[in-house]
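K.L.:
start-v2.cif is reproduced in full below (mmCIF, C-alpha atoms and all ligand atoms).
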```
data_start
loop_
_atom_site.label_atom_id
_atom_site.label_comp_id
_atom_site.auth_asym_id
_atom_site.auth_seq_id
_atom_site.Cartn_x
_atom_site.Cartn_y
_atom_site.Cartn_z
CA MET A 1231 21.92 -50.59 -9.56
CA THR A 1232 23.12 -47.28 -10.97
CA ASP A 1233 22.05 -45.01 -8.16
CA GLN A 1234 25.41 -43.35 -7.72
CA VAL A 1235 23.93 -40.04 -8.86
CA THR A 1236 25.19 -37.12 -6.80
CA PHE A 1237 24.49 -33.41 -7.04
CA PRO A 1238 25.98 -30.67 -4.84
CA ASP A 1239 23.92 -29.03 -2.08
CA ALA A 1240 23.31 -25.72 -3.82
CA VAL A 1241 22.16 -23.84 -0.69
CA GLN A 1242 25.19 -24.77 1.40
CA TRP A 1243 27.68 -23.88 -1.31
CA ALA A 1244 25.97 -20.53 -1.80
CA ILE A 1245 26.58 -19.43 1.82
CA PRO A 1246 29.81 -17.48 1.07
CA PHE A 1247 27.96 -15.73 -1.74
CA PHE A 1248 25.05 -14.91 0.62
CA ILE A 1249 27.45 -13.31 3.11
CA ALA A 1250 29.25 -11.31 0.44
CA ALA A 1251 25.98 -10.12 -1.11
CA ILE A 1252 24.58 -9.00 2.27
CA LEU A 1253 27.75 -6.97 2.88
CA ALA A 1254 27.49 -5.48 -0.59
CA GLU A 1255 23.83 -4.52 -0.17
CA PHE A 1256 24.48 -3.07 3.28
CA ILE A 1257 27.33 -0.90 1.97
CA TRP A 1258 25.31 0.08 -1.11
CA ILE A 1259 22.45 1.34 1.10
CA ALA A 1260 24.90 3.19 3.38
CA VAL A 1261 26.57 4.91 0.43
CA LYS A 1262 23.43 5.71 -1.57
CA GLY A 1263 21.28 6.53 1.45
CA LYS A 1264 18.36 4.65 -0.12
CA GLY A 1265 17.42 1.25 -1.49
CA GLY A 1266 16.47 -0.48 1.74
CA ARG A 1267 16.67 -0.60 5.53
CA TYR A 1268 18.64 -2.76 7.94
CA GLU A 1269 18.11 -3.22 11.68
CA THR A 1270 20.47 -5.30 13.80
CA ARG A 1271 18.09 -7.50 15.78
CA ASP A 1272 15.80 -8.05 12.80
CA SER A 1273 18.74 -9.21 10.68
CA VAL A 1274 20.24 -11.40 13.41
CA THR A 1275 16.88 -13.13 13.84
CA SER A 1276 16.65 -13.71 10.09
CA LEU A 1277 20.18 -15.12 9.93
CA ILE A 1278 19.56 -17.45 12.89
CA MET A 1279 16.35 -18.64 11.23
CA GLY A 1280 18.43 -19.42 8.13
CA ALA A 1281 21.01 -21.36 10.15
CA GLY A 1282 18.24 -23.28 11.92
CA ASN A 1283 16.67 -24.12 8.58
CA ILE A 1284 19.91 -25.72 7.41
CA ALA A 1285 20.19 -27.57 10.74
CA SER A 1286 16.63 -28.91 10.48
CA ASP A 1287 17.38 -30.05 6.92
CA LEU A 1288 20.43 -31.93 8.19
CA MET A 1289 18.34 -33.55 10.93
CA VAL A 1290 15.33 -34.76 8.91
CA GLY A 1291 16.97 -34.78 5.49
CA PHE A 1292 17.96 -38.44 5.66
CA LEU A 1293 14.35 -39.48 6.36
CA ILE A 1294 13.04 -37.52 3.40
CA TRP A 1295 15.87 -38.91 1.31
CA ALA A 1296 14.92 -42.46 2.31
CA GLY A 1297 11.33 -41.82 1.27
CA PHE A 1298 12.37 -40.37 -2.07
CA MET A 1299 14.74 -43.30 -2.74
CA TRP A 1300 11.92 -45.73 -2.00
CA LEU A 1301 9.83 -43.99 -4.68
CA TRP A 1302 12.83 -44.20 -7.00
CA GLN A 1303 13.01 -47.97 -6.43
CA ILE A 1304 9.39 -48.53 -7.34
CA THR A 1305 9.21 -46.33 -10.45
CA PRO A 1306 10.05 -48.04 -13.73
CA LEU A 1307 10.95 -44.69 -15.31
CA ASN A 1308 14.43 -43.19 -15.48
CA LEU A 1309 14.99 -40.04 -17.53
CA GLY A 1310 18.73 -39.93 -16.82
CA THR A 1311 20.69 -36.80 -15.97
CA SER A 1312 21.28 -35.06 -19.30
CA ILE A 1313 21.22 -31.27 -19.42
CA PRO A 1314 17.77 -31.02 -21.10
CA VAL A 1315 16.35 -33.35 -18.42
CA ILE A 1316 17.85 -31.21 -15.65
CA ILE A 1317 16.30 -28.10 -17.22
CA LEU A 1318 12.92 -29.82 -17.54
CA CYS A 1319 13.22 -30.99 -13.95
CA PHE A 1320 13.95 -27.42 -12.82
CA VAL A 1321 10.90 -26.02 -14.62
CA LEU A 1322 8.57 -28.72 -13.28
CA ASP A 1323 10.02 -28.38 -9.78
CA ASP A 1324 9.37 -24.63 -10.02
CA LEU A 1325 5.72 -25.45 -10.78
CA ARG A 1326 5.80 -27.70 -7.70
CA TYR A 1327 7.24 -24.76 -5.72
CA TYR A 1328 4.43 -22.47 -6.91
CA TRP A 1329 1.74 -24.80 -5.56
CA VAL A 1330 3.48 -25.61 -2.29
CA HIS A 1331 3.98 -21.87 -1.75
CA ARG A 1332 0.31 -21.19 -2.61
CA PHE A 1333 -0.77 -23.87 -0.11
CA GLY A 1334 1.63 -22.17 2.30
CA HIS A 1335 -0.52 -19.05 2.21
CA ARG A 1336 -3.97 -20.63 1.91
CA ILE A 1337 -3.83 -23.57 4.35
CA ARG A 1338 -3.12 -22.59 7.94
CA TRP A 1339 -1.29 -25.86 8.63
CA VAL A 1340 1.27 -25.02 5.94
CA TRP A 1341 1.19 -21.29 6.76
CA ALA A 1342 2.32 -22.16 10.31
CA SER A 1343 5.64 -23.17 8.74
CA HIS A 1344 5.87 -20.48 6.06
CA VAL A 1345 4.67 -17.55 8.20
CA ASN A 1346 8.12 -16.94 9.63
CA HIS A 1347 9.53 -16.06 6.21
CA HIS A 1348 7.04 -13.16 6.23
CA SER A 1349 7.46 -12.22 9.88
CA SER A 1350 9.97 -9.39 9.32
CA GLN A 1351 8.82 -5.83 8.64
CA HIS A 1352 12.05 -5.37 6.70
CA TYR A 1353 12.86 -6.45 3.17
CA ASN A 1354 16.54 -6.93 2.50
CA LEU A 1355 18.85 -9.82 1.64
CA THR A 1356 18.80 -11.11 5.22
CA THR A 1357 15.01 -11.48 4.94
CA ALA A 1358 15.63 -14.09 2.24
CA LEU A 1359 17.40 -16.26 4.81
CA ARG A 1360 14.51 -16.04 7.33
CA GLN A 1361 13.42 -19.60 6.56
CA THR A 1362 11.22 -22.13 8.32
CA TRP A 1363 12.38 -24.71 10.85
CA THR A 1364 9.18 -26.72 10.64
CA TYR A 1365 8.72 -27.51 6.95
CA SER A 1366 8.77 -31.26 7.66
CA PHE A 1367 5.67 -30.82 9.93
CA THR A 1368 3.66 -29.77 6.86
CA PHE A 1369 4.33 -32.95 4.85
CA MET A 1370 4.59 -30.76 1.75
CA MET A 1371 7.60 -32.79 0.59
CA VAL A 1372 5.13 -35.36 -0.78
CA VAL A 1373 4.31 -32.84 -3.54
CA ARG A 1374 7.69 -33.78 -5.04
CA SER A 1375 6.67 -37.46 -5.40
CA PRO A 1376 5.20 -37.17 -8.91
CA LEU A 1377 8.51 -35.81 -10.22
CA ILE A 1378 10.42 -38.80 -8.88
CA LEU A 1379 7.80 -41.25 -10.13
CA LEU A 1380 8.10 -39.63 -13.56
CA GLY A 1381 11.76 -40.64 -13.62
CA PHE A 1382 13.64 -37.61 -12.30
CA HIS A 1383 16.30 -38.83 -9.89
CA PRO A 1384 15.73 -37.63 -6.27
CA ALA A 1385 19.23 -36.08 -6.12
CA MET A 1386 18.43 -34.03 -9.22
CA VAL A 1387 15.02 -32.98 -7.87
CA LEU A 1388 16.58 -31.80 -4.60
CA PHE A 1389 19.36 -30.04 -6.50
CA CYS A 1390 16.81 -28.15 -8.61
CA GLY A 1391 14.89 -27.15 -5.46
CA GLY A 1392 18.14 -25.89 -3.94
CA VAL A 1393 19.03 -23.86 -7.02
CA ASN A 1394 15.50 -22.42 -6.91
CA LEU A 1395 16.00 -21.23 -3.32
CA VAL A 1396 19.37 -19.73 -4.22
CA TYR A 1397 17.73 -17.91 -7.13
CA GLN A 1398 15.15 -16.43 -4.75
CA PHE A 1399 17.87 -14.98 -2.52
CA TRP A 1400 18.77 -11.99 -4.68
CA ILE A 1401 15.18 -10.87 -5.27
CA HIS A 1402 14.80 -9.93 -1.57
CA THR A 1403 16.05 -6.40 -2.10
CA GLU A 1404 14.76 -2.86 -2.47
CA ALA A 1405 18.01 -1.80 -4.11
CA ILE A 1406 16.80 -2.99 -7.53
CA LYS A 1407 13.66 -1.23 -8.73
CA LYS A 1408 12.84 -2.98 -12.01
CA MET A 1409 14.67 -5.43 -14.26
CA PRO A 1410 14.42 -5.17 -18.07
CA ARG A 1411 10.87 -5.58 -19.32
CA TRP A 1412 11.37 -9.05 -20.88
CA PHE A 1413 12.92 -10.27 -17.64
CA GLU A 1414 10.03 -8.93 -15.52
CA ALA A 1415 7.62 -10.69 -17.89
CA VAL A 1416 9.08 -14.18 -17.42
CA MET A 1417 11.11 -14.26 -14.24
CA ASN A 1418 10.36 -13.64 -10.58
CA THR A 1419 12.05 -10.33 -9.71
CA PRO A 1420 12.64 -8.04 -6.72
CA SER A 1421 9.58 -6.02 -7.77
CA HIS A 1422 7.25 -9.05 -8.02
CA HIS A 1423 8.48 -10.56 -4.79
CA ARG A 1424 8.25 -7.26 -2.88
CA ALA A 1425 4.54 -7.35 -3.65
CA HIS A 1426 4.41 -10.92 -2.35
CA HIS A 1427 5.83 -9.73 0.99
CA GLY A 1428 3.25 -6.94 1.30
CA ARG A 1429 0.64 -6.81 4.06
CA ASN A 1430 -1.34 -4.20 2.10
CA ALA A 1431 -4.80 -5.55 1.22
CA ARG A 1432 -3.90 -5.35 -2.48
CA TYR A 1433 -0.91 -7.64 -2.20
CA LEU A 1434 -2.37 -10.40 0.00
CA ASP A 1435 -2.14 -13.82 -1.66
CA CYS A 1436 -0.25 -12.82 -4.81
CA ASN A 1437 2.98 -13.72 -6.62
CA TYR A 1438 3.71 -17.20 -5.26
CA ALA A 1439 6.38 -17.81 -7.91
CA GLY A 1440 9.78 -19.25 -7.15
CA THR A 1441 11.84 -18.58 -10.26
CA PHE A 1442 9.31 -18.10 -13.08
CA ILE A 1443 6.50 -15.55 -12.59
CA ILE A 1444 4.60 -17.20 -15.46
CA TRP A 1445 2.84 -19.57 -13.02
CA ASP A 1446 1.13 -16.65 -11.28
CA LYS A 1447 0.04 -15.26 -14.64
CA LEU A 1448 -1.21 -18.71 -15.65
CA PHE A 1449 -3.14 -19.39 -12.43
CA GLY A 1450 -4.46 -15.87 -11.88
CA THR A 1451 -2.46 -14.81 -8.82
CA PHE A 1452 -0.21 -12.18 -10.40
CA VAL A 1453 -0.33 -8.65 -8.99
CA PRO A 1454 2.32 -6.20 -10.25
CA GLU A 1455 3.89 -3.84 -7.70
CA GLN A 1456 2.08 -0.48 -7.92
CA GLU A 1457 3.89 2.87 -7.88
CA ASP A 1458 1.05 4.43 -5.86
CA ASP A 1459 0.70 1.61 -3.31
CA LYS A 1460 4.05 1.27 -1.59
CA VAL A 1461 4.58 -2.21 -0.17
CA ASP A 1462 4.27 -2.41 3.62
CA TYR A 1463 6.30 -5.51 4.52
CA GLY A 1464 5.35 -8.07 7.12
CA LEU A 1465 2.27 -9.78 8.49
CA VAL A 1466 -1.30 -8.53 8.74
CA HIS A 1467 -0.77 -8.91 12.51
CA ASN A 1468 2.93 -8.24 12.97
CA ILE A 1469 4.58 -10.20 15.75
CA GLY A 1470 6.38 -8.52 18.63
CA THR A 1471 9.38 -10.78 19.18
CA PHE A 1472 12.90 -11.26 17.86
CA ASN A 1473 13.25 -14.57 19.71
CA PRO A 1474 13.94 -17.22 17.00
CA LEU A 1475 12.10 -19.94 18.94
CA ARG A 1476 8.98 -17.79 19.17
CA VAL A 1477 9.29 -16.81 15.51
CA ALA A 1478 9.63 -20.46 14.47
CA PHE A 1479 6.73 -21.85 16.49
CA HIS A 1480 4.25 -19.02 17.15
CA GLU A 1481 1.66 -20.05 14.56
CA TRP A 1482 1.82 -23.72 15.61
CA VAL A 1483 1.09 -22.61 19.18
CA GLY A 1484 -1.74 -20.45 17.81
CA ILE A 1485 -3.26 -23.43 15.97
CA TRP A 1486 -3.03 -25.55 19.10
CA ARG A 1487 -4.70 -22.93 21.30
CA ASP A 1488 -7.45 -22.23 18.76
CA ALA A 1489 -8.23 -25.85 17.90
CA THR A 1490 -8.27 -27.11 21.50
CA GLN A 1491 -10.46 -24.40 23.04
CA PRO A 1492 -13.60 -25.82 24.65
CA GLY A 1493 -17.01 -25.86 23.01
CA LEU A 1494 -16.12 -26.18 19.32
CA THR A 1495 -17.48 -28.64 16.78
CA VAL A 1496 -15.04 -31.01 15.06
CA ARG A 1497 -15.60 -29.04 11.86
CA GLN A 1498 -14.54 -25.80 13.56
CA ARG A 1499 -11.46 -27.44 15.06
CA LEU A 1500 -10.42 -28.72 11.64
CA ALA A 1501 -11.03 -25.28 10.12
CA TYR A 1502 -8.64 -23.75 12.68
CA CYS A 1503 -6.01 -26.20 11.41
CA PHE A 1504 -6.61 -26.23 7.67
CA ALA A 1505 -8.78 -23.27 6.59
CA PRO A 1506 -7.11 -20.19 5.11
CA PRO A 1507 -5.32 -18.06 7.74
CA GLY A 1508 -7.70 -15.61 9.44
CA TYR A 1509 -10.50 -18.16 9.94
CA SER A 1510 -12.38 -17.87 13.22
CA HIS A 1511 -15.49 -19.69 14.40
CA ASP A 1512 -17.01 -16.49 15.83
CA GLY A 1513 -16.08 -14.04 13.07
CA SER A 1514 -13.61 -12.24 15.32
CA ARG A 1515 -10.83 -12.39 12.71
CA ASP A 1516 -10.56 -11.47 9.05
CA ASN A 1517 -9.18 -13.63 6.25
CA SER A 1518 -7.62 -12.06 3.19
CA GLU A 1519 -10.92 -11.82 1.26
CA GLN A 1520 -12.51 -9.95 4.15
CA ILE A 1521 -9.48 -7.66 4.49
CA LYS A 1522 -9.70 -6.84 0.78
CA ALA A 1523 -13.45 -6.21 1.04
CA LYS A 1524 -12.93 -3.84 3.97
CA HIS A 1525 -10.23 -2.01 2.03
CA ILE A 1526 -12.59 -1.58 -0.92
CA ALA A 1527 -15.26 -0.23 1.45
CA ARG A 1528 -12.76 2.42 2.62
CA HIS A 1529 -11.26 3.00 -0.84
CA PRO A 1530 -13.93 2.37 -3.50
CA GLU A 1531 -11.61 3.99 -6.05
CA ASP A 1532 -9.40 0.85 -5.93
CA ARG A 1533 -12.24 -1.33 -7.22
CA GLY A 1534 -11.08 -3.45 -10.17
CA SER A 1535 -7.41 -2.38 -9.87
CA PRO A 1536 -4.65 -5.03 -9.56
CA GLY A 1537 -5.23 -7.23 -6.51
CA PHE A 1538 -8.89 -6.14 -6.36
CA GLU A 1539 -10.10 -7.60 -9.68
CA GLN A 1540 -12.79 -9.62 -7.92
CA PHE A 1541 -14.49 -6.35 -6.97
CA GLU A 1542 -16.03 -5.15 -10.22
CA THR A 1543 -15.54 -1.59 -11.33
CA ASP A 1544 -18.78 0.28 -10.75
CA MET A 1545 -19.58 1.73 -14.15
CA PRO A 1546 -22.35 4.33 -14.15
CA ASN A 1547 -24.69 1.97 -16.04
CA SER A 1548 -23.76 -1.28 -14.30
CA GLN A 1549 -25.81 -0.09 -11.34
CA ALA A 1550 -28.94 -0.13 -13.49
CA LYS A 1551 -28.25 -3.57 -14.95
CA ARG A 1552 -28.05 -5.16 -11.53
CA VAL A 1553 -31.69 -4.35 -10.64
CA MET B 1322 30.20 -29.49 2.30
CA PRO B 1323 32.22 -30.61 5.34
CA LEU B 1324 30.31 -29.91 8.54
CA GLU B 1325 33.24 -27.98 10.11
CA LEU B 1326 33.41 -25.59 7.18
CA LEU B 1327 29.62 -25.16 7.23
CA LEU B 1328 29.75 -24.30 10.93
CA VAL B 1329 32.59 -21.82 10.53
CA LEU B 1330 30.80 -20.08 7.66
CA VAL B 1331 27.45 -19.88 9.44
CA VAL B 1332 28.76 -18.79 12.85
CA GLY B 1333 31.42 -16.47 11.42
CA GLY B 1334 28.98 -14.96 8.94
CA ILE B 1335 26.31 -14.24 11.53
CA ALA B 1336 28.80 -12.81 14.04
CA GLY B 1337 30.50 -10.62 11.43
CA ILE B 1338 27.29 -9.21 9.97
CA THR B 1339 25.86 -8.55 13.45
CA LEU B 1340 28.96 -6.68 14.56
CA MET B 1341 29.07 -4.61 11.38
CA MET B 1342 25.42 -3.56 11.70
CA HIS B 1343 25.74 -2.70 15.36
CA LEU B 1344 28.86 -0.60 14.77
CA ALA B 1345 27.11 1.12 11.86
CA GLY B 1346 24.41 2.29 14.29
CA LYS B 1347 21.64 0.02 13.05
CA SER B 1348 20.55 -1.03 16.56
CA ARG B 1349 18.78 2.24 17.29
CA VAL B 1350 15.20 1.85 18.48
CA ARG B 1351 12.39 3.76 16.79
CA THR B 1352 11.15 6.88 18.63
CA LEU B 1353 7.48 7.79 18.42
CA THR B 1354 5.85 11.21 18.29
CA PRO B 1355 2.09 11.70 18.68
CA GLU B 1356 1.84 12.01 14.88
CA SER B 1357 3.95 8.95 14.08
CA ALA B 1358 2.19 6.91 16.80
CA ARG B 1359 -1.11 7.80 15.15
CA SER B 1360 0.05 6.92 11.63
CA GLU B 1361 1.71 3.71 12.85
CA TRP B 1362 -1.52 2.66 14.59
CA LEU B 1363 -3.48 3.22 11.40
CA ARG B 1364 -0.86 1.29 9.43
CA HIS B 1365 -1.41 -1.73 11.68
CA VAL B 1366 -5.16 -1.28 12.21
CA PRO B 1367 -6.45 0.66 9.18
CA ASP B 1368 -10.13 0.42 10.18
CA ASP B 1369 -9.82 2.30 13.47
CA ASP B 1370 -10.82 5.81 14.45
CA ILE B 1371 -8.47 7.40 16.95
CA ILE B 1372 -9.83 9.46 19.84
CA ASP B 1373 -6.47 10.46 21.30
CA VAL B 1374 -2.83 9.42 21.63
CA THR B 1375 -0.63 9.42 24.74
CA VAL B 1376 3.08 8.92 24.06
CA ALA B 1377 5.34 7.78 26.91
CA HIS B 1378 8.21 10.19 27.70
CA ASP B 1379 10.85 7.84 26.27
CA GLY B 1380 8.97 7.76 22.96
CA HIS B 1381 8.95 3.96 22.79
CA SER B 1382 5.26 3.32 23.52
CA ALA B 1383 1.98 5.08 23.00
CA LEU B 1384 -1.52 4.44 24.30
CA ILE B 1385 -4.18 4.85 21.62
CA ARG B 1386 -7.79 5.40 22.60
CA THR B 1387 -10.34 4.26 20.01
CA PRO B 1388 -14.12 3.76 20.08
CA ALA B 1389 -13.39 0.01 20.18
CA GLY B 1390 -11.22 0.38 23.31
CA ASN B 1391 -7.59 1.06 24.11
CA GLY B 1392 -4.61 0.03 22.05
CA LEU B 1393 -0.88 -0.01 22.54
CA VAL B 1394 1.68 0.75 19.84
CA TRP B 1395 5.33 0.34 20.69
CA SER B 1396 8.78 0.50 19.14
CA PHE B 1397 10.07 -2.80 17.84
CA GLY B 1398 13.58 -2.29 16.55
CA ALA B 1399 13.32 0.21 13.71
CA ASP B 1400 9.61 -0.58 13.37
CA THR B 1401 6.53 -0.78 15.55
CA VAL B 1402 4.00 -3.37 16.67
CA ALA B 1403 0.42 -2.59 17.73
CA ARG B 1404 -2.23 -4.45 19.68
CA HIS B 1405 -5.67 -3.68 20.97
CA LEU B 1406 -5.75 -4.07 24.74
CA LEU B 1407 -8.43 -6.76 24.79
CA ASP B 1408 -6.97 -10.05 26.07
CA PHE B 1409 -4.15 -8.77 28.26
CA ASP B 1410 -2.79 -8.35 31.78
CA TRP B 1411 -0.53 -5.71 33.19
CA MET B 1412 1.75 -5.52 36.19
CA ASP B 1413 3.65 -2.79 37.92
CA HIS B 1414 7.32 -2.75 37.08
CA PRO B 1415 10.07 -0.61 38.68
CA ASP B 1416 10.46 1.18 35.34
CA GLY B 1417 6.79 1.52 34.49
CA LEU B 1418 4.24 -1.09 33.45
CA GLU B 1419 4.64 -4.51 31.96
CA VAL B 1420 1.87 -5.54 29.55
CA PHE B 1421 1.26 -9.24 28.81
CA PHE B 1422 -0.65 -10.31 25.69
CA HIS B 1423 -1.22 -14.09 26.07
CA GLU B 1424 0.21 -14.48 22.58
CA PHE B 1425 3.22 -16.70 21.86
CA GLY B 1426 4.52 -14.42 19.11
CA THR B 1427 3.96 -11.22 21.11
CA PRO B 1428 4.45 -12.14 24.76
CA LYS B 1429 4.97 -8.83 26.59
CA VAL B 1430 6.07 -5.22 26.40
CA LEU B 1431 7.73 -3.04 29.01
CA VAL B 1432 6.23 0.43 28.90
CA ARG B 1433 8.73 2.78 30.54
CA LEU B 1434 6.93 5.49 32.51
CA ASP B 1435 7.91 8.06 35.12
CA GLU B 1436 5.88 8.34 38.31
CA PHE B 1437 3.61 11.04 36.95
CA GLU B 1438 2.87 9.07 33.78
CA ARG B 1439 2.28 5.87 35.70
CA GLN B 1440 -0.73 7.39 37.50
CA HIS B 1441 -2.17 8.67 34.25
CA TRP B 1442 -1.69 5.40 32.34
CA GLN B 1443 -3.17 3.33 35.14
CA HIS B 1444 -6.18 5.59 35.05
CA LEU B 1445 -6.47 5.18 31.28
CA LEU B 1446 -6.02 1.39 31.42
CA GLU B 1447 -8.66 0.87 34.07
CA PRO B 1448 -11.50 3.29 33.57
CA ALA B 1449 -13.78 3.50 36.56
ZN ZN A 1601 5.23 -16.50 0.91
ZN ZN A 1602 10.41 -14.03 0.22
#
```
Have the structure of the file written as structure tokens, please.
Ligand SMILES: [Zn+2]
Ligand SMILES: [Zn+2]

P.N.:
Amino acid sequence: MTDQVTFPDAVQWAIPFFIAAILAEFIWIAVKGKGGRYETRDSVTSLIMGAGNIASDLMVGFLIWAGFMWLWQITPLNLGTSIPVIILCFVLDDLRYYWVHRFGHRIRWVWASHVNHHSSQHYNLTTALRQTWTYSFTFMMVVRSPLILLGFHPAMVLFCGGVNLVYQFWIHTEAIKKMPRWFEAVMNTPSHHRAHHGRNARYLDCNYAGTFIIWDKLFGTFVPEQEDDKVDYGLVHNIGTFNPLRVAFHEWVGIWRDATQPGLTVRQRLAYCFAPPGYSHDGSRDNSEQIKAKHIARHPEDRGSPGFEQFETDMPNSQAKRV
Amino acid sequence: MPLELLLVLVVGGIAGITLMMHLAGKSRVRTLTPESARSEWLRHVPDDDIIDVTVAHDGHSALIRTPAGNGLVWSFGADTVARHLLDFDWMDHPDGLEVFFHEFGTPKVLVRLDEFERQHWQHLLEPA
């Protein structure tokens, strides 16, 4: 057996860089008087969420590793660990990230884990570290299986995922407005990811990219940040707690309470678990489509603009055609 | 990475950053005016019409009356959180009123009120 393949844990080794970069951004904002906002309790909560994420990885990591190594035993394919293979692995794992992240916003079961990354009303480098404690509950790690079965070594796949997360750290900032045009076209950037963190109707369910923004352009989820629609960070229903335990588990508790209330059909119970966030059996809540539709009702002028493409522009003569 | 080093980095990093922010004055809580309470409510609940706004004297909470019923908007660090007062309880508290939301992510808020305000808010919360 030649399974002595080891890669460093990119996230752990990046911690000193994270700390230095947070200090640098904080001082930059203090000196310039713009480029972002910091608040003590918000940041502390984010940092504790980050620490808890590393702890939960340490706790369940060996189980996931065992599963991945089992897949590695049964696959006849081995692509080795050459540089081109690592690059290919990174690109394919980024595609994997796109879909897991998209599921994370469109399936409440996965959203219950991912929601906490969006639970801050701030957007600074500490927000990047506000990471889930409950990823293993979602079973989304199975989405990595095809990569391993294709012959990418599990250690390399995990390394690429780690590098991807480290890449996403620096884009959680308001200090950088726009990167050069070619970079904005290919890569995920502070501007693209700010839009992803927006609770504005326009920005709901957009820009799921990890490292390469091309996936959003390919799969029709790209919405560029708009000068005239400043991003309002956070959740549609912002939470009122800094308690890390409540931040980590609030949506799981919500699922439990919704799905176990008396008098529902099995179908309704399942929808509370797996339908897009905002589902309700009695129409008392709005999902993102309904929020967008209500926004268009209030602001018809936004019809057809980025994030509202599904609402056709009302041309003077399109009215007649629809008769 | 050795676990000891990881622990030192994580604990030291969090403690250091927290201390720096606090000393830099970043722990100040948002203060609301009638105008900002109104605009914050509409930021959270863009579909609502507002009848009137009552801001508590400490500027950390405001009662919003809307055709759909009452709402509460309150300071949350540098930001605000808002909720309609639909599924809630409230209790007297030595410093004012405590509002409970039956929501794991938004358990309760302490609305600080003086004696005069307390009467008025109780009247608003429980219309005859
Ligand atoms: Zn997200
Ligand atoms: Zn993010």

K.L.:
Would you mind listing what lies within 10 Å of Glu1414 in chain A as a CSV table (one decimal) with C-alpha atoms, in the coordinates of the input, with all atoms listed in the file counted and same-chain residues fewer than 4 positions away left out?

P.N.:
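Result written to around00.csv:
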```
chain,number,residue,atom,x,y,z
A,1408,LYS,CA,12.8,-3.0,-12.0
A,1409,MET,CA,14.7,-5.4,-14.3
A,1410,PRO,CA,14.4,-5.2,-18.1
A,1418,ASN,CA,10.4,-13.6,-10.6
A,1419,THR,CA,12.0,-10.3,-9.7
A,1420,PRO,CA,12.6,-8.0,-6.7
A,1421,SER,CA,9.6,-6.0,-7.8
A,1422,HIS,CA,7.2,-9.0,-8.0
A,1442,PHE,CA,9.3,-18.1,-13.1
A,1443,ILE,CA,6.5,-15.6,-12.6
A,1444,ILE,CA,4.6,-17.2,-15.5
A,1454,PRO,CA,2.3,-6.2,-10.2
```

K.L.:
To one decimal place in Å, what is the distance between CA of Leu1380 in chain A and CA of Asn1308 in chain A?

P.N.:
7.5 Å

K.L.:
For chain A, work out the contacting residues on chain B at 7 Å, counting only C-alpha atoms, and write them as a PyMOL selection string.

P.N.:
chain B and resi 1322+1331+1334-1335+1339+1342-1343+1347-1348+1397-1399+1402+1425-1427

K.L.:
Sorted by chain and rising residue number, which residues of chain A lie within 7 Å of ligand ZN 1601 (chain A), and what are their closest atom pairs and distances in Å to one decimal, counting all atoms listed in the file, as a tab-separated table?

P.N.:
```
residue	atom	partner	partner_atom	distance
A:His1331	CA	A:ZN1601	ZN	6.1
A:Gly1334	CA	A:ZN1601	ZN	6.9
A:His1335	CA	A:ZN1601	ZN	6.4
A:His1344	CA	A:ZN1601	ZN	6.5
A:His1347	CA	A:ZN1601	ZN	6.8
A:His1348	CA	A:ZN1601	ZN	6.5
A:His1426	CA	A:ZN1601	ZN	6.5
A:His1427	CA	A:ZN1601	ZN	6.8
A:Tyr1438	CA	A:ZN1601	ZN	6.4
```

K.L.:
Store the residues picked out above in a file with C-alpha atoms, as a compact mmCIF listing (two decimals), in the frame of the given file.

P.N.:
```txt
# COMPACT_ATOMS: atom_id res chain seq x y z
CA HIS A 1331 3.98 -21.87 -1.75
CA GLY A 1334 1.63 -22.17 2.30
CA HIS A 1335 -0.52 -19.05 2.21
CA HIS A 1344 5.87 -20.48 6.06
CA HIS A 1347 9.53 -16.06 6.21
CA HIS A 1348 7.04 -13.16 6.23
CA HIS A 1426 4.41 -10.92 -2.35
CA HIS A 1427 5.83 -9.73 0.99
CA TYR A 1438 3.71 -17.20 -5.26
```

K.L.:
Report as a count of residues only all protein, DNA and RNA residues lying within 8 Å of Asp1400 in chain B, evaluated on all atoms listed in the file, omitting residues in the same chain fewer than 4 positions from it.

P.N.:
4

K.L.:
What's the separation between CA of Gly1263 in chain A and CA of Ala1383 in chain B, in Å to one decimal place?

P.N.:
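So the answer is 29.0 Å.
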
K.L.:
Can you sort out the box for range 1324-1336 of chain B, edges along x, y and z, all listed atoms in, 8 Å on every side, with centre and edge lengths in Å to one decimal, as lines of an AutoDock Vina configuration file?

P.N.:
```
center_x = 29.9
center_y = -21.4
center_z = 10.6
size_x = 23.1
size_y = 33.1
size_z = 22.9
```

K.L.:
Do you know which residues are within 9 Å of ligand ZN 1602 (chain A) using all atoms listed in the file? Can you write them as a tab-separated table (two decimals) with C-alpha atoms, in the coordinates of the input?

P.N.:
```tsv
chain	number	residue	atom	x	y	z
A	1347	HIS	CA	9.53	-16.06	6.21
A	1348	HIS	CA	7.04	-13.16	6.23
A	1353	TYR	CA	12.86	-6.45	3.17
A	1357	THR	CA	15.01	-11.48	4.94
A	1358	ALA	CA	15.63	-14.09	2.24
A	1359	LEU	CA	17.40	-16.26	4.81
A	1360	ARG	CA	14.51	-16.04	7.33
A	1361	GLN	CA	13.42	-19.60	6.56
A	1398	GLN	CA	15.15	-16.43	-4.75
A	1399	PHE	CA	17.87	-14.98	-2.52
A	1401	ILE	CA	15.18	-10.87	-5.27
A	1402	HIS	CA	14.80	-9.93	-1.57
A	1423	HIS	CA	8.48	-10.56	-4.79
A	1424	ARG	CA	8.25	-7.26	-2.88
A	1426	HIS	CA	4.41	-10.92	-2.35
A	1427	HIS	CA	5.83	-9.73	0.99
```
